[in-house]
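Have a look at the structure below before the remarks.
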Amino acid sequence: MACDLIKGYTVACRDGIGGVKSLFFGQFDEITLSTGTGAVTDVEMGSAALHKYTPKRGVASISESVTASSENGTVFYTHTCNLKFNKLSAEYQNELRLIAQNRLIVFAELNEQTAGGKNIVMCLGATNGLELSAATNTSGVAFGDLNGYDWTFEGISSEPMLEVDDYTTVAMDNSAFTKGTTVTA
């Protein structure tokens with residue numbers, strides 16, 4: 001089977017911006033995704049809710065590493081999501097306990113925007129989900145240290161992370177999506 005290349009790449013203008021604006025967590029077994037041409041075109045969740053996390057600026061990220069083996073003829077992708085929250089609390093301790101027990105799909109609203117001025121949303125864990133792989137709860141040492149949480153989610157997939165079709169007004173309000181409420185607090 002030939003794996004034909006379909007296009008080249010031209011260096012774009014230097015107008016990109018990094019970082020994550022917000023994260024939406026959904027339980028893997030409650031979400032059905034439709035995809036096409038490297039994008040999520042539909043999200044079906046019935047009445048299940050998405051849980052929105054809005055971290056402080058500069059403390060959340062997503063990444064994807066590619067692992068390839070010429071010897072075995074394999075390629076797979078590791079999706080990673082990291083976020084931090086300030087202040088230790090019983091509320092976050094309980095949330096961490098629940099998150100640690102679940103497999104998730106994560107939708108990351110980036111600071112990067114489309115030509116139409118809407119934030120890009122990426123989907124991680126579409127095929128196998130993400131799971132909490134590491135968490136540190138710390139008081140810090142010095143006055144300026146993090147007093148809070150540092151959570152990392154990882155998942156392995158045969159497919160790269162996917163861009164989500166443009167939304168209408170706010171991230172994840174796409175007219176084709178069927179979901180319950182978006183829980184914010």
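Residue numbering restarts at 1 for every chain of the structure tokens, chains are lettered A, B, ... in their displayed order, and ligands are numbered from 1 as they appear.
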Practice problem: Going by DSSP on the backbone, which bits of range 16-164 of chain A are alpha helix (DSSP H)? Write them as a ChimeraX atom specification, please. | Solution: /A:90-100
Could those selected residues go to a file with C-alpha atoms, as a PDB file, in the first residue's frame?
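part.pdb, written as the output of this step:
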ATOM      1  CA  ALA A  90     -11.052  19.366  49.646  1.00  0.00           C
ATOM      2  CA  GLU A  91     -13.082  20.212  46.528  1.00  0.00           C
ATOM      3  CA  TYR A  92     -10.139  19.593  44.170  1.00  0.00           C
ATOM      4  CA  GLN A  93      -9.046  16.524  46.177  1.00  0.00           C
ATOM      5  CA  ASN A  94     -12.472  14.980  45.594  1.00  0.00           C
ATOM      6  CA  GLU A  95     -12.447  15.970  41.906  1.00  0.00           C
ATOM      7  CA  LEU A  96      -8.982  14.447  41.466  1.00  0.00           C
ATOM      8  CA  ARG A  97     -10.196  11.189  42.992  1.00  0.00           C
ATOM      9  CA  LEU A  98     -13.082  11.014  40.490  1.00  0.00           C
ATOM     10  CA  ILE A  99     -10.940  11.995  37.512  1.00  0.00           C
ATOM     11  CA  ALA A 100      -8.314   9.388  38.413  1.00  0.00           C
TER      12      ALA A 100
END
Practice problem: May I have all residues of range 9-164 of chain A that DSSP, computed from the backbone, assigns to strand (DSSP E), given as a PyMOL selection string? | Solution: chain A and resi 20-27+32-36+39-44+50-53+60-69+74-86+104-113+119-124+131-138+148-157+162-164
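Closest approach to Leu88 in chain A from the set A:Gly8, A:Gly18, A:Pro55, A:Gly148 is made by A:Gly148, with distances taken over only C-alpha atoms.
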Self-check item: Test item: residues at most 8 Å from range 33-43 of chain A, only C-alpha atoms, excluding those fewer than 4 positions along its chain, as a list in words
Solution: Cys123, Ala126, Leu162, Glu163, Val164, Asp165, Ala176, Phe177, Thr178 and Lys179 of chain A
Keeping only C-alpha atoms, write the selected residues as a PDB file, in the first residue's frame.
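Final file, part_19.pdb:
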ATOM      1  CA  CYS A 123      -9.664  16.787  20.619  1.00  0.00           C
ATOM      2  CA  ALA A 126     -10.682  10.289  20.501  1.00  0.00           C
ATOM      3  CA  LEU A 162      -8.012  16.115  15.865  1.00  0.00           C
ATOM      4  CA  GLU A 163      -9.186  19.664  15.318  1.00  0.00           C
ATOM      5  CA  VAL A 164     -12.856  20.247  16.177  1.00  0.00           C
ATOM      6  CA  ASP A 165     -15.085  21.979  13.610  1.00  0.00           C
ATOM      7  CA  ALA A 176     -24.304  19.645  15.107  1.00  0.00           C
ATOM      8  CA  PHE A 177     -23.263  18.593  18.645  1.00  0.00           C
ATOM      9  CA  THR A 178     -25.698  16.894  21.004  1.00  0.00           C
ATOM     10  CA  LYS A 179     -24.716  17.184  24.667  1.00  0.00           C
TER      11      LYS A 179
END
Just the residues within 6 Å of range 67-84 of chain A, please, counting only C-alpha atoms, with nothing from its chain fewer than 5 positions along; format it as an mmCIF file with N, CA and C atoms, in the first residue's frame.
data_model
loop_
_atom_site.group_PDB
_atom_site.id
_atom_site.type_symbol
_atom_site.label_atom_id
_atom_site.label_comp_id
_atom_site.auth_asym_id
_atom_site.auth_seq_id
_atom_site.Cartn_x
_atom_site.Cartn_y
_atom_site.Cartn_z
ATOM 1 N N VAL A 59 -0.616 28.048 32.409
ATOM 2 C CA VAL A 59 -0.369 26.859 33.230
ATOM 3 C C VAL A 59 -1.015 25.589 32.680
ATOM 4 N N ALA A 60 -1.497 25.619 31.441
ATOM 5 C CA ALA A 60 -2.071 24.428 30.824
ATOM 6 C C ALA A 60 -1.478 24.262 29.432
ATOM 7 N N SER A 61 -1.316 23.005 29.033
ATOM 8 C CA SER A 61 -0.776 22.739 27.702
ATOM 9 C C SER A 61 -1.265 21.392 27.201
ATOM 10 N N ILE A 62 -1.228 21.238 25.884
ATOM 11 C CA ILE A 62 -1.439 19.942 25.261
ATOM 12 C C ILE A 62 -0.236 19.672 24.368
ATOM 13 N N TYR A 149 -2.217 22.074 42.555
ATOM 14 C CA TYR A 149 -2.251 20.794 41.859
ATOM 15 C C TYR A 149 -1.589 20.902 40.489
ATOM 16 N N ASP A 150 -0.930 19.827 40.103
ATOM 17 C CA ASP A 150 -0.318 19.695 38.787
ATOM 18 C C ASP A 150 -0.747 18.331 38.252
ATOM 19 N N TRP A 151 -1.681 18.307 37.278
ATOM 20 C CA TRP A 151 -2.255 17.072 36.769
ATOM 21 C C TRP A 151 -1.790 16.825 35.339
ATOM 22 N N THR A 152 -1.469 15.570 35.020
ATOM 23 C CA THR A 152 -1.076 15.176 33.674
ATOM 24 C C THR A 152 -1.935 13.998 33.220
ATOM 25 N N PHE A 153 -2.492 14.119 32.034
ATOM 26 C CA PHE A 153 -3.313 13.072 31.421
ATOM 27 C C PHE A 153 -2.613 12.603 30.155
ATOM 28 N N GLU A 154 -2.620 11.294 29.917
ATOM 29 C CA GLU A 154 -1.994 10.748 28.717
ATOM 30 C C GLU A 154 -2.856 9.664 28.100
ATOM 31 N N GLY A 155 -2.703 9.516 26.799
ATOM 32 C CA GLY A 155 -3.375 8.442 26.076
ATOM 33 C C GLY A 155 -2.597 8.104 24.824
ATOM 34 N N ILE A 156 -2.687 6.856 24.398
ATOM 35 C CA ILE A 156 -1.999 6.395 23.186
ATOM 36 C C ILE A 156 -3.054 6.115 22.136
ATOM 37 N N SER A 157 -2.758 6.532 20.900
ATOM 38 C CA SER A 157 -3.732 6.423 19.825
ATOM 39 C C SER A 157 -3.048 6.063 18.513
ATOM 40 N N SER A 158 -3.791 5.416 17.638
ATOM 41 C CA SER A 158 -3.302 5.155 16.289
ATOM 42 C C SER A 158 -3.474 6.376 15.400
ATOM 43 N N PRO A 160 -3.512 10.881 15.143
ATOM 44 C CA PRO A 160 -3.112 12.133 15.807
ATOM 45 C C PRO A 160 -4.330 12.839 16.414
#
Quiz prompt | Residue among A:Met45, A:Ile17, A:Val170, A:Leu146 lying closest to Gln113 in chain A, counting only C-alpha atoms | solution = A:Ile17
Self-check item: Contacts of Leu104 in chain A at 8 Å (only C-alpha atoms; same-chain gap of 2+ positions) as a PyMOL selection string
Solution: chain A and resi 25-28+102+106+125+129-131
Keeping N, CA and C atoms, export the residues of the selection given above as an mmCIF file, in the first residue's frame.
data_model
loop_
_atom_site.group_PDB
_atom_site.id
_atom_site.type_symbol
_atom_site.label_atom_id
_atom_site.label_comp_id
_atom_site.auth_asym_id
_atom_site.auth_seq_id
_atom_site.Cartn_x
_atom_site.Cartn_y
_atom_site.Cartn_z
ATOM 1 N N PHE A 25 -13.680 18.343 29.725
ATOM 2 C CA PHE A 25 -13.513 16.919 29.977
ATOM 3 C C PHE A 25 -14.864 16.230 29.822
ATOM 4 N N GLY A 26 -14.850 15.118 29.093
ATOM 5 C CA GLY A 26 -16.031 14.269 28.977
ATOM 6 C C GLY A 26 -15.627 12.832 29.212
ATOM 7 N N GLN A 27 -16.543 12.042 29.766
ATOM 8 C CA GLN A 27 -16.244 10.635 30.002
ATOM 9 C C GLN A 27 -16.249 9.884 28.676
ATOM 10 N N PHE A 28 -15.192 9.141 28.425
ATOM 11 C CA PHE A 28 -14.973 8.461 27.150
ATOM 12 C C PHE A 28 -16.172 7.626 26.725
ATOM 13 N N ASN A 102 -11.500 7.646 35.914
ATOM 14 C CA ASN A 102 -12.189 7.701 34.627
ATOM 15 C C ASN A 102 -11.233 7.736 33.450
ATOM 16 N N VAL A 106 -10.678 14.789 26.011
ATOM 17 C CA VAL A 106 -10.409 16.169 26.383
ATOM 18 C C VAL A 106 -10.478 17.040 25.137
ATOM 19 N N GLY A 125 -7.551 12.044 22.718
ATOM 20 C CA GLY A 125 -8.101 10.809 23.255
ATOM 21 C C GLY A 125 -9.301 10.283 22.503
ATOM 22 N N GLY A 129 -9.124 7.353 24.562
ATOM 23 C CA GLY A 129 -9.279 8.160 25.757
ATOM 24 C C GLY A 129 -7.955 8.553 26.393
ATOM 25 N N LEU A 130 -8.032 9.428 27.385
ATOM 26 C CA LEU A 130 -6.883 9.841 28.195
ATOM 27 C C LEU A 130 -7.162 9.423 29.625
ATOM 28 N N GLU A 131 -6.100 9.112 30.345
ATOM 29 C CA GLU A 131 -6.220 8.795 31.758
ATOM 30 C C GLU A 131 -5.220 9.616 32.536
#
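For the pair CA of Thr181 in chain A and CA of Gly116 in chain A, the interatomic distance is 25.8 Å.
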